[in-house]
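The structure appears below as structure tokens.
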Amino acid sequence: MRHFKMILYGEPGVGKSTFAIKSPNPFFITTDGNYEFLEDFGAKEEAHIQVRNWKECLKAFSQPYDEYDTIVVDLLEDTFKMCENDFCIEKKIDHVSDLGYGKGYDISRNNFYAAMMKLLGREDKNIILIMHGITSVLKDRRGVEHTIYAPTNRLPDKVADVLEGAVRYCLRCYIKNELVGDKSVKKRYLKLIPEEGEFGIARGLDETKVPTDIPLDFDTFARLIGLEGYVDGKKVKKVKEVKEVKKVQEEVTKDVVEEPVKETSSKKDLIEESLKRLNKKKEDKKEVVEKPSVKTEADEKPVENTSVTEESSTSQPLSPTTSSDGGLNANDKLAAIRAKIAALKAAKK
């Protein structure tokens, strides 16, 4: 199964965590204490952990989470600040810049990079990194204003650039006021294809076939990216379990297919038995032909003359007779064969 890695950013309250709670069997590593408000959207109390420092973050990142399919870090910039703060405590300095020559920045950021790359490198889990976003307006040298959308500056640009290169999707969430009848309604969207002025990327999507903006709904997102393990907006079992189920189904199908073969085998036995019986009948018929019945005078005379017939039959030997089909009896055949053999011997002499 292909597992996705993504960064999701947007203004507070837009619905980033609600989006992530609909991902396949998620576990939340939270920093802002807002997880309890997700219970109305199906969040499980035991499916999260609250971290307060970098040491707790590292411990949380390294857990196996065998019962879960998605790991959500909410919020990412808080974990970065925890990393810097713990570094300062360890080095007994007030700020990372106190070490001079950018040494503090490099060491703390490298620690953060190493932990995040290890987390994003997990092939058995989906990873969602949630961040706040900011909107800024910049003027170019001609004085033309440009609106820029980017993750919060609490995460340095260089760090954000590295993380963007390590994920498949880096997407912005936003709220848009729309008129529905006479009322203005806030609708939440996900920018699936980042446009000019937006920090983000969407790898592997055909921009000509997918919409630029979609509702901020994980089911819709999953269908459009072709997420395995997600069919028609419904989560299915893990791939391992699906393979096992498929294997069982194949075995059952094999048994069902083999059942007629057994039936065919029994028919074959019946056919062989029928052939044996037919051959036996032919042999019996052949014996009947080879051993014709001998008619006596007693058979041809009336019943009242039976005694005479018996007397005559015992007093006189039977002469060779032929059956109704013209065949000879066994004794006559034997005599004929012996005569032929004698003739052949005489001819040889």
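Labels for the structure tokens follow display order: chains A, B, ..., residues from 1 in each chain, ligands from 1.
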- Spatial neighbours of segment 176-191 of chain A, max dist 10 Å, only C-alpha atoms, sep filter under 6 positions, as a VMD selection string: chain A and resid 8 to 10 14 to 16 19 170 198 200 to 202 211 to 218 221
Mind writing the picked residues with N, CA and C atoms as a PDB file, in the first residue's frame?
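Just written: selection03.pdb:
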ATOM      1  N   LEU A   8      -0.235  20.197   5.861  1.00  0.00           N
ATOM      2  CA  LEU A   8      -1.517  20.882   5.718  1.00  0.00           C
ATOM      3  C   LEU A   8      -1.447  22.170   6.537  1.00  0.00           C
ATOM      4  N   TYR A   9      -1.615  23.303   5.870  1.00  0.00           N
ATOM      5  CA  TYR A   9      -1.545  24.570   6.609  1.00  0.00           C
ATOM      6  C   TYR A   9      -2.732  25.456   6.254  1.00  0.00           C
ATOM      7  N   GLY A  10      -3.035  26.349   7.188  1.00  0.00           N
ATOM      8  CA  GLY A  10      -4.151  27.259   6.989  1.00  0.00           C
ATOM      9  C   GLY A  10      -4.416  28.052   8.256  1.00  0.00           C
ATOM     10  N   VAL A  14      -9.872  26.749  10.507  1.00  0.00           N
ATOM     11  CA  VAL A  14     -10.367  26.474   9.165  1.00  0.00           C
ATOM     12  C   VAL A  14     -10.879  25.034   9.031  1.00  0.00           C
ATOM     13  N   GLY A  15     -10.353  24.112   9.869  1.00  0.00           N
ATOM     14  CA  GLY A  15     -10.800  22.729   9.798  1.00  0.00           C
ATOM     15  C   GLY A  15      -9.696  21.738   9.455  1.00  0.00           C
ATOM     16  N   LYS A  16      -8.452  22.083   9.755  1.00  0.00           N
ATOM     17  CA  LYS A  16      -7.326  21.195   9.434  1.00  0.00           C
ATOM     18  C   LYS A  16      -7.386  19.899  10.253  1.00  0.00           C
ATOM     19  N   PHE A  19     -10.224  17.692   9.180  1.00  0.00           N
ATOM     20  CA  PHE A  19      -9.837  16.988   7.955  1.00  0.00           C
ATOM     21  C   PHE A  19      -9.004  15.752   8.302  1.00  0.00           C
ATOM     22  N   CYS A 170       1.877  19.353  -0.122  1.00  0.00           N
ATOM     23  CA  CYS A 170       1.930  20.488   0.801  1.00  0.00           C
ATOM     24  C   CYS A 170       0.818  21.431   0.352  1.00  0.00           C
ATOM     25  N   GLU A 198       1.216  30.803  -3.787  1.00  0.00           N
ATOM     26  CA  GLU A 198       0.908  29.854  -2.717  1.00  0.00           C
ATOM     27  C   GLU A 198       2.089  28.936  -2.478  1.00  0.00           C
ATOM     28  N   GLY A 200       3.475  25.550  -1.648  1.00  0.00           N
ATOM     29  CA  GLY A 200       2.915  24.205  -1.672  1.00  0.00           C
ATOM     30  C   GLY A 200       3.303  23.426  -2.903  1.00  0.00           C
ATOM     31  N   ILE A 201       2.919  22.169  -2.895  1.00  0.00           N
ATOM     32  CA  ILE A 201       3.226  21.279  -4.013  1.00  0.00           C
ATOM     33  C   ILE A 201       2.270  20.086  -3.974  1.00  0.00           C
ATOM     34  N   ALA A 202       1.979  19.542  -5.147  1.00  0.00           N
ATOM     35  CA  ALA A 202       1.159  18.320  -5.251  1.00  0.00           C
ATOM     36  C   ALA A 202       1.813  17.429  -6.289  1.00  0.00           C
ATOM     37  N   PRO A 211      -9.606  18.997 -10.057  1.00  0.00           N
ATOM     38  CA  PRO A 211      -9.932  20.412  -9.829  1.00  0.00           C
ATOM     39  C   PRO A 211      -8.866  21.107  -8.993  1.00  0.00           C
ATOM     40  N   THR A 212      -8.769  22.401  -9.158  1.00  0.00           N
ATOM     41  CA  THR A 212      -7.799  23.176  -8.379  1.00  0.00           C
ATOM     42  C   THR A 212      -8.215  23.282  -6.924  1.00  0.00           C
ATOM     43  N   ASP A 213      -9.490  23.499  -6.700  1.00  0.00           N
ATOM     44  CA  ASP A 213     -10.028  23.638  -5.344  1.00  0.00           C
ATOM     45  C   ASP A 213     -11.075  22.552  -5.112  1.00  0.00           C
ATOM     46  N   ILE A 214     -10.997  21.922  -3.949  1.00  0.00           N
ATOM     47  CA  ILE A 214     -11.972  20.900  -3.594  1.00  0.00           C
ATOM     48  C   ILE A 214     -12.475  21.173  -2.177  1.00  0.00           C
ATOM     49  N   PRO A 215     -13.622  20.637  -1.797  1.00  0.00           N
ATOM     50  CA  PRO A 215     -14.078  20.794  -0.414  1.00  0.00           C
ATOM     51  C   PRO A 215     -13.044  20.235   0.567  1.00  0.00           C
ATOM     52  N   LEU A 216     -12.957  20.850   1.732  1.00  0.00           N
ATOM     53  CA  LEU A 216     -12.013  20.397   2.747  1.00  0.00           C
ATOM     54  C   LEU A 216     -12.579  19.134   3.414  1.00  0.00           C
ATOM     55  N   ASP A 217     -12.489  18.051   2.675  1.00  0.00           N
ATOM     56  CA  ASP A 217     -13.063  16.781   3.105  1.00  0.00           C
ATOM     57  C   ASP A 217     -12.103  15.670   2.720  1.00  0.00           C
ATOM     58  N   PHE A 218     -11.726  14.837   3.690  1.00  0.00           N
ATOM     59  CA  PHE A 218     -10.706  13.837   3.406  1.00  0.00           C
ATOM     60  C   PHE A 218     -11.188  12.792   2.405  1.00  0.00           C
ATOM     61  N   PHE A 221     -10.634  14.162  -1.007  1.00  0.00           N
ATOM     62  CA  PHE A 221      -9.192  14.187  -1.260  1.00  0.00           C
ATOM     63  C   PHE A 221      -8.665  12.789  -1.571  1.00  0.00           C
TER      64      PHE A 221
END
Those of segment 131-239 of chain A in DSSP strand (DSSP E or B), formatted as an mmCIF file with N, CA, C and O atoms, in the first residue's frame:
data_model
loop_
_atom_site.group_PDB
_atom_site.id
_atom_site.type_symbol
_atom_site.label_atom_id
_atom_site.label_comp_id
_atom_site.auth_asym_id
_atom_site.auth_seq_id
_atom_site.Cartn_x
_atom_site.Cartn_y
_atom_site.Cartn_z
ATOM 1 N N MET A 131 0.052 22.732 10.240
ATOM 2 C CA MET A 131 0.656 24.011 10.613
ATOM 3 C C MET A 131 -0.359 25.132 10.425
ATOM 4 O O MET A 131 -1.288 25.020 9.621
ATOM 5 N N HIS A 132 -0.164 26.209 11.166
ATOM 6 C CA HIS A 132 -0.929 27.416 10.900
ATOM 7 C C HIS A 132 -0.368 28.101 9.653
ATOM 8 O O HIS A 132 0.787 27.883 9.283
ATOM 9 N N GLY A 133 -1.192 28.904 9.039
ATOM 10 C CA GLY A 133 -0.747 29.628 7.848
ATOM 11 C C GLY A 133 -0.902 31.132 8.023
ATOM 12 O O GLY A 133 -1.648 31.601 8.887
ATOM 13 N N ILE A 134 -0.191 31.861 7.198
ATOM 14 C CA ILE A 134 -0.287 33.321 7.234
ATOM 15 C C ILE A 134 -0.503 33.841 5.807
ATOM 16 O O ILE A 134 -0.124 33.210 4.829
ATOM 17 N N THR A 135 -1.132 34.993 5.747
ATOM 18 C CA THR A 135 -1.356 35.665 4.464
ATOM 19 C C THR A 135 -0.664 37.015 4.511
ATOM 20 O O THR A 135 -0.864 37.786 5.465
ATOM 21 N N SER A 136 0.129 37.294 3.521
ATOM 22 C CA SER A 136 0.847 38.567 3.485
ATOM 23 C C SER A 136 0.745 39.167 2.081
ATOM 24 O O SER A 136 0.534 38.452 1.095
ATOM 25 N N VAL A 137 0.881 40.485 2.028
ATOM 26 C CA VAL A 137 0.811 41.200 0.753
ATOM 27 C C VAL A 137 2.165 41.856 0.500
ATOM 28 O O VAL A 137 2.658 42.634 1.322
ATOM 29 N N LEU A 138 2.758 41.520 -0.626
ATOM 30 C CA LEU A 138 4.063 42.068 -0.978
ATOM 31 C C LEU A 138 3.949 42.871 -2.268
ATOM 32 O O LEU A 138 3.151 42.539 -3.156
ATOM 33 N N LYS A 139 4.768 43.896 -2.365
ATOM 34 C CA LYS A 139 4.812 44.696 -3.586
ATOM 35 C C LYS A 139 6.101 44.404 -4.332
ATOM 36 O O LYS A 139 7.171 44.317 -3.730
ATOM 37 N N GLU A 145 0.941 44.796 -6.102
ATOM 38 C CA GLU A 145 0.769 43.995 -4.901
ATOM 39 C C GLU A 145 0.479 42.522 -5.240
ATOM 40 O O GLU A 145 -0.276 42.228 -6.169
ATOM 41 N N HIS A 146 1.073 41.659 -4.471
ATOM 42 C CA HIS A 146 0.880 40.220 -4.640
ATOM 43 C C HIS A 146 0.538 39.613 -3.285
ATOM 44 O O HIS A 146 1.217 39.876 -2.292
ATOM 45 N N THR A 147 -0.493 38.799 -3.262
ATOM 46 C CA THR A 147 -0.891 38.121 -2.026
ATOM 47 C C THR A 147 -0.140 36.796 -1.928
ATOM 48 O O THR A 147 -0.154 35.991 -2.859
ATOM 49 N N ILE A 148 0.506 36.615 -0.799
ATOM 50 C CA ILE A 148 1.318 35.416 -0.583
ATOM 51 C C ILE A 148 0.696 34.589 0.537
ATOM 52 O O ILE A 148 0.347 35.110 1.597
ATOM 53 N N TYR A 149 0.569 33.287 0.260
ATOM 54 C CA TYR A 149 0.062 32.346 1.262
ATOM 55 C C TYR A 149 1.182 31.376 1.614
ATOM 56 O O TYR A 149 1.769 30.748 0.729
ATOM 57 N N ALA A 150 1.456 31.237 2.909
ATOM 58 C CA ALA A 150 2.579 30.400 3.335
ATOM 59 C C ALA A 150 2.335 29.899 4.756
ATOM 60 O O ALA A 150 1.488 30.432 5.479
ATOM 61 N N PRO A 151 3.087 28.858 5.167
ATOM 62 C CA PRO A 151 2.996 28.413 6.561
ATOM 63 C C PRO A 151 3.501 29.502 7.502
ATOM 64 O O PRO A 151 4.208 30.426 7.095
ATOM 65 N N TYR A 169 2.525 15.990 -0.666
ATOM 66 C CA TYR A 169 1.557 17.085 -0.789
ATOM 67 C C TYR A 169 1.830 18.127 0.296
ATOM 68 O O TYR A 169 2.005 17.785 1.470
ATOM 69 N N CYS A 170 1.877 19.353 -0.122
ATOM 70 C CA CYS A 170 1.930 20.488 0.801
ATOM 71 C C CYS A 170 0.818 21.431 0.352
ATOM 72 O O CYS A 170 0.961 22.142 -0.653
ATOM 73 N N LEU A 171 -0.295 21.452 1.089
ATOM 74 C CA LEU A 171 -1.513 22.106 0.605
ATOM 75 C C LEU A 171 -2.081 23.090 1.623
ATOM 76 O O LEU A 171 -1.923 22.913 2.835
ATOM 77 N N ARG A 172 -2.763 24.100 1.090
ATOM 78 C CA ARG A 172 -3.355 25.163 1.915
ATOM 79 C C ARG A 172 -4.857 24.962 2.062
ATOM 80 O O ARG A 172 -5.557 24.618 1.097
ATOM 81 N N CYS A 173 -5.348 25.169 3.265
ATOM 82 C CA CYS A 173 -6.796 25.193 3.539
ATOM 83 C C CYS A 173 -7.238 26.646 3.686
ATOM 84 O O CYS A 173 -6.481 27.486 4.172
ATOM 85 N N TYR A 174 -8.459 26.930 3.291
ATOM 86 C CA TYR A 174 -8.940 28.308 3.443
ATOM 87 C C TYR A 174 -10.458 28.324 3.549
ATOM 88 O O TYR A 174 -11.148 27.363 3.191
ATOM 89 N N ILE A 175 -10.959 29.435 4.050
ATOM 90 C CA ILE A 175 -12.402 29.659 4.175
ATOM 91 C C ILE A 175 -12.825 30.727 3.181
ATOM 92 O O ILE A 175 -12.151 31.743 3.011
ATOM 93 N N LYS A 176 -13.939 30.474 2.524
ATOM 94 C CA LYS A 176 -14.454 31.427 1.550
ATOM 95 C C LYS A 176 -15.931 31.689 1.833
ATOM 96 O O LYS A 176 -16.713 30.745 2.021
ATOM 97 N N ASN A 177 -16.279 32.971 1.888
ATOM 98 C CA ASN A 177 -17.682 33.340 2.092
ATOM 99 C C ASN A 177 -18.427 33.275 0.756
ATOM 100 O O ASN A 177 -18.007 33.898 -0.220
ATOM 101 N N GLU A 178 -19.519 32.538 0.743
ATOM 102 C CA GLU A 178 -20.317 32.399 -0.472
ATOM 103 C C GLU A 178 -21.779 32.649 -0.156
ATOM 104 O O GLU A 178 -22.257 32.342 0.943
ATOM 105 N N LEU A 179 -22.462 33.195 -1.145
ATOM 106 C CA LEU A 179 -23.893 33.453 -0.987
ATOM 107 C C LEU A 179 -24.685 32.203 -1.310
ATOM 108 O O LEU A 179 -24.567 31.632 -2.399
ATOM 109 N N VAL A 180 -25.482 31.776 -0.357
ATOM 110 C CA VAL A 180 -26.401 30.663 -0.554
ATOM 111 C C VAL A 180 -27.801 31.221 -0.331
ATOM 112 O O VAL A 180 -28.238 31.420 0.799
ATOM 113 N N LYS A 183 -28.196 34.354 2.147
ATOM 114 C CA LYS A 183 -27.291 34.308 3.290
ATOM 115 C C LYS A 183 -25.844 34.096 2.832
ATOM 116 O O LYS A 183 -25.581 33.430 1.837
ATOM 117 N N SER A 184 -24.937 34.659 3.612
ATOM 118 C CA SER A 184 -23.507 34.458 3.375
ATOM 119 C C SER A 184 -23.047 33.275 4.225
ATOM 120 O O SER A 184 -23.182 33.292 5.454
ATOM 121 N N VAL A 185 -22.541 32.265 3.547
ATOM 122 C CA VAL A 185 -22.139 31.030 4.236
ATOM 123 C C VAL A 185 -20.640 30.818 4.066
ATOM 124 O O VAL A 185 -20.096 30.994 2.979
ATOM 125 N N LYS A 186 -19.990 30.446 5.182
ATOM 126 C CA LYS A 186 -18.566 30.138 5.121
ATOM 127 C C LYS A 186 -18.375 28.706 4.633
ATOM 128 O O LYS A 186 -18.913 27.773 5.221
ATOM 129 N N LYS A 187 -17.615 28.557 3.574
ATOM 130 C CA LYS A 187 -17.317 27.229 3.050
ATOM 131 C C LYS A 187 -15.812 26.989 3.096
ATOM 132 O O LYS A 187 -15.020 27.890 2.814
ATOM 133 N N ARG A 188 -15.446 25.779 3.440
ATOM 134 C CA ARG A 188 -14.042 25.417 3.619
ATOM 135 C C ARG A 188 -13.529 24.633 2.412
ATOM 136 O O ARG A 188 -14.187 23.694 1.968
ATOM 137 N N TYR A 189 -12.347 25.037 1.938
ATOM 138 C CA TYR A 189 -11.788 24.434 0.736
ATOM 139 C C TYR A 189 -10.333 24.010 0.966
ATOM 140 O O TYR A 189 -9.638 24.529 1.857
ATOM 141 N N LEU A 190 -9.900 23.088 0.112
ATOM 142 C CA LEU A 190 -8.504 22.659 0.079
ATOM 143 C C LEU A 190 -7.968 22.974 -1.311
ATOM 144 O O LEU A 190 -8.560 22.584 -2.318
ATOM 145 N N LYS A 191 -6.868 23.700 -1.360
ATOM 146 C CA LYS A 191 -6.244 24.042 -2.640
ATOM 147 C C LYS A 191 -5.413 22.829 -3.096
ATOM 148 O O LYS A 191 -4.271 22.648 -2.691
ATOM 149 N N GLU A 198 1.216 30.803 -3.787
ATOM 150 C CA GLU A 198 0.908 29.854 -2.717
ATOM 151 C C GLU A 198 2.089 28.936 -2.478
ATOM 152 O O GLU A 198 2.629 28.354 -3.430
ATOM 153 N N ILE A 201 2.919 22.169 -2.895
ATOM 154 C CA ILE A 201 3.226 21.279 -4.013
ATOM 155 C C ILE A 201 2.270 20.086 -3.974
ATOM 156 O O ILE A 201 1.780 19.703 -2.911
ATOM 157 N N ALA A 202 1.979 19.542 -5.147
ATOM 158 C CA ALA A 202 1.159 18.320 -5.251
ATOM 159 C C ALA A 202 1.813 17.429 -6.289
ATOM 160 O O ALA A 202 1.648 17.650 -7.491
ATOM 161 N N ASP A 213 -9.490 23.499 -6.700
ATOM 162 C CA ASP A 213 -10.028 23.638 -5.344
ATOM 163 C C ASP A 213 -11.075 22.552 -5.112
ATOM 164 O O ASP A 213 -11.941 22.319 -5.970
ATOM 165 N N ILE A 214 -10.997 21.922 -3.949
ATOM 166 C CA ILE A 214 -11.972 20.900 -3.594
ATOM 167 C C ILE A 214 -12.475 21.173 -2.177
ATOM 168 O O ILE A 214 -11.821 21.895 -1.411
ATOM 169 N N PRO A 215 -13.622 20.637 -1.797
ATOM 170 C CA PRO A 215 -14.078 20.794 -0.414
ATOM 171 C C PRO A 215 -13.044 20.235 0.567
ATOM 172 O O PRO A 215 -12.356 19.252 0.267
ATOM 173 N N TYR A 230 -8.797 3.106 0.337
ATOM 174 C CA TYR A 230 -9.929 4.014 0.459
ATOM 175 C C TYR A 230 -10.784 3.832 -0.776
ATOM 176 O O TYR A 230 -10.370 4.163 -1.882
ATOM 177 N N VAL A 231 -11.974 3.252 -0.621
ATOM 178 C CA VAL A 231 -12.842 2.952 -1.745
ATOM 179 C C VAL A 231 -14.178 3.661 -1.546
ATOM 180 O O VAL A 231 -14.861 3.426 -0.559
ATOM 181 N N LYS A 234 -14.905 5.190 1.754
ATOM 182 C CA LYS A 234 -14.990 4.339 2.932
ATOM 183 C C LYS A 234 -13.639 3.688 3.196
ATOM 184 O O LYS A 234 -13.004 3.173 2.296
ATOM 185 N N LYS A 235 -13.240 3.752 4.461
ATOM 186 C CA LYS A 235 -11.970 3.134 4.841
ATOM 187 C C LYS A 235 -12.123 1.629 4.838
ATOM 188 O O LYS A 235 -13.142 1.087 5.255
#
- Message: When you look at Asp161 of chain A with a cut-off of 10 Å (counting only C-alpha atoms), what residues show up, excluding the ones that are within fewer than 4 positions of it in the same chain? I need them as a PyMOL selection string.
- Response: chain A and resi 156-157+165-166+199-200
- as number ranges by chain, which residues of segment 124-248 of chain A does DSSP assign to helix (DSSP H, G or I)? A: 157-166, 218-225, 239-248
Could the residues in this selection be written to a file with C-alpha atoms, as a compact mmCIF listing (two decimals), in the first residue's frame?
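Written output follows (selection_14.txt):
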# COMPACT_ATOMS: atom_id res chain seq x y z
CA ASP A 157 11.59 29.30 5.66
CA LYS A 158 14.64 27.08 5.23
CA VAL A 159 13.11 24.43 7.49
CA ALA A 160 9.78 24.64 5.65
CA ASP A 161 11.57 24.26 2.30
CA VAL A 162 13.31 21.08 3.45
CA LEU A 163 10.09 19.56 4.76
CA GLU A 164 8.22 20.47 1.57
CA GLY A 165 10.77 18.48 -0.38
CA ALA A 166 10.19 15.43 1.81
CA PHE A 218 -10.71 13.84 3.41
CA ASP A 219 -12.98 11.44 1.51
CA THR A 220 -12.95 13.74 -1.51
CA PHE A 221 -9.19 14.19 -1.26
CA ALA A 222 -8.62 10.43 -0.99
CA ARG A 223 -10.66 9.65 -4.09
CA LEU A 224 -8.89 12.27 -6.19
CA ILE A 225 -5.37 11.16 -5.27
CA VAL A 239 -3.46 -4.11 2.98
CA LYS A 240 -2.07 -7.11 4.85
CA GLU A 241 -5.55 -8.01 6.03
CA VAL A 242 -6.98 -7.40 2.57
CA LYS A 243 -4.40 -9.78 1.06
CA GLU A 244 -5.28 -12.41 3.64
CA VAL A 245 -8.97 -12.01 2.87
CA LYS A 246 -8.21 -12.21 -0.86
CA LYS A 247 -6.19 -15.38 -0.27
CA VAL A 248 -9.08 -16.95 1.63
Selection: 12 Å around segment 80-88 of chain A, only C-alpha atoms, excl. self and same-chain fewer than 4 positions, as a compact mmCIF listing (two decimals) with N, CA and C atoms, in the first residue's frame:
# COMPACT_ATOMS: atom_id res chain seq x y z
N THR A 31 -0.12 19.45 20.42
CA THR A 31 0.62 20.44 21.22
C THR A 31 -0.29 21.55 21.74
N VAL A 51 2.05 16.44 23.99
CA VAL A 51 3.47 16.62 24.25
C VAL A 51 3.72 18.05 24.71
N ARG A 52 4.71 18.21 25.62
CA ARG A 52 4.98 19.53 26.20
C ARG A 52 6.43 19.97 26.03
N ASN A 53 7.29 19.07 25.57
CA ASN A 53 8.69 19.43 25.34
C ASN A 53 9.26 18.51 24.26
N TRP A 54 10.50 18.82 23.86
CA TRP A 54 11.09 18.08 22.75
C TRP A 54 11.38 16.62 23.12
N LYS A 55 11.71 16.37 24.34
CA LYS A 55 11.96 15.00 24.78
C LYS A 55 10.70 14.15 24.62
N GLU A 56 9.57 14.71 24.98
CA GLU A 56 8.29 14.00 24.82
C GLU A 56 7.95 13.83 23.34
N CYS A 57 8.33 14.81 22.54
CA CYS A 57 8.09 14.71 21.09
C CYS A 57 8.86 13.52 20.51
N LEU A 58 10.15 13.43 20.86
CA LEU A 58 10.98 12.34 20.34
C LEU A 58 10.42 10.98 20.75
N VAL A 73 0.70 15.16 13.34
CA VAL A 73 1.40 16.07 14.25
C VAL A 73 0.67 17.41 14.20
N ASP A 74 0.12 17.83 15.31
CA ASP A 74 -0.73 19.02 15.37
C ASP A 74 -0.40 19.81 16.65
N LEU A 75 0.48 20.85 16.58
CA LEU A 75 0.97 21.58 15.43
C LEU A 75 2.47 21.38 15.25
N LEU A 76 2.94 21.44 14.00
CA LEU A 76 4.34 21.17 13.70
C LEU A 76 5.25 22.28 14.22
N LYS A 92 22.38 25.74 28.39
CA LYS A 92 22.31 26.80 29.40
C LYS A 92 22.52 28.17 28.79
N ILE A 93 21.75 28.41 27.73
CA ILE A 93 21.79 29.70 27.05
C ILE A 93 20.37 30.23 26.95
N ASP A 94 20.24 31.53 26.72
CA ASP A 94 18.92 32.15 26.64
C ASP A 94 18.32 32.04 25.24
N HIS A 95 19.18 31.98 24.23
CA HIS A 95 18.70 31.94 22.84
C HIS A 95 19.69 31.15 22.00
N VAL A 96 19.21 30.54 20.93
CA VAL A 96 20.09 29.73 20.09
C VAL A 96 21.21 30.55 19.46
N SER A 97 21.00 31.86 19.34
CA SER A 97 22.03 32.72 18.73
C SER A 97 23.18 33.01 19.68
N ASP A 98 23.03 32.64 20.95
CA ASP A 98 24.06 32.98 21.93
C ASP A 98 25.36 32.21 21.71
N LEU A 99 25.30 31.11 20.98
CA LEU A 99 26.53 30.35 20.73
C LEU A 99 27.41 31.01 19.68
N LYS A 103 25.98 28.72 15.14
CA LYS A 103 26.16 27.35 15.61
C LYS A 103 24.91 26.81 16.28
N GLY A 104 24.29 27.61 17.08
CA GLY A 104 23.08 27.18 17.79
C GLY A 104 21.95 26.86 16.83
N TYR A 105 21.80 27.68 15.80
CA TYR A 105 20.76 27.44 14.79
C TYR A 105 21.00 26.09 14.08
N ASP A 106 22.26 25.89 13.68
CA ASP A 106 22.57 24.67 12.94
C ASP A 106 22.32 23.42 13.77
N ILE A 107 22.78 23.43 15.00
CA ILE A 107 22.64 22.24 15.84
C ILE A 107 21.17 21.94 16.13
N SER A 108 20.41 22.95 16.53
CA SER A 108 19.00 22.73 16.89
C SER A 108 18.19 22.31 15.67
N ARG A 109 18.46 22.95 14.55
CA ARG A 109 17.72 22.60 13.34
C ARG A 109 18.09 21.21 12.84
N ASN A 110 19.35 20.85 12.95
CA ASN A 110 19.75 19.51 12.55
C ASN A 110 19.06 18.44 13.41
N ASN A 111 18.92 18.74 14.70
CA ASN A 111 18.20 17.83 15.59
C ASN A 111 16.74 17.67 15.13
N PHE A 112 16.16 18.79 14.76
CA PHE A 112 14.76 18.77 14.30
C PHE A 112 14.65 18.02 12.97
N TYR A 113 15.58 18.31 12.05
CA TYR A 113 15.58 17.63 10.74
C TYR A 113 15.66 16.10 10.92
N ALA A 114 16.58 15.68 11.76
CA ALA A 114 16.80 14.25 11.94
C ALA A 114 15.53 13.55 12.43
N ALA A 115 14.87 14.17 13.39
CA ALA A 115 13.65 13.57 13.95
C ALA A 115 12.52 13.54 12.92
N MET A 116 12.36 14.64 12.16
CA MET A 116 11.27 14.71 11.19
C MET A 116 11.53 13.79 9.99
N LEU A 129 1.31 16.52 8.71
CA LEU A 129 1.91 17.57 9.54
C LEU A 129 1.05 18.82 9.41
N MET A 131 0.05 22.73 10.24
CA MET A 131 0.66 24.01 10.61
C MET A 131 -0.36 25.13 10.43
N THR A 152 3.15 29.38 8.76
CA THR A 152 3.55 30.36 9.76
C THR A 152 5.06 30.57 9.79
N ASN A 153 5.48 31.81 10.06
CA ASN A 153 6.91 32.12 10.12
C ASN A 153 7.55 31.67 11.43
N ARG A 154 6.76 31.03 12.30
CA ARG A 154 7.36 30.43 13.50
C ARG A 154 8.23 29.24 13.11
N LEU A 155 7.98 28.74 11.91
CA LEU A 155 8.86 27.73 11.34
C LEU A 155 9.70 28.42 10.26
N PRO A 156 11.01 28.50 10.41
CA PRO A 156 11.84 29.23 9.44
C PRO A 156 11.63 28.73 8.01
N VAL A 159 13.62 25.69 6.93
CA VAL A 159 13.11 24.43 7.49
C VAL A 159 11.87 23.99 6.71
N ALA A 160 10.99 24.95 6.41
CA ALA A 160 9.78 24.64 5.65
C ALA A 160 10.13 24.12 4.25
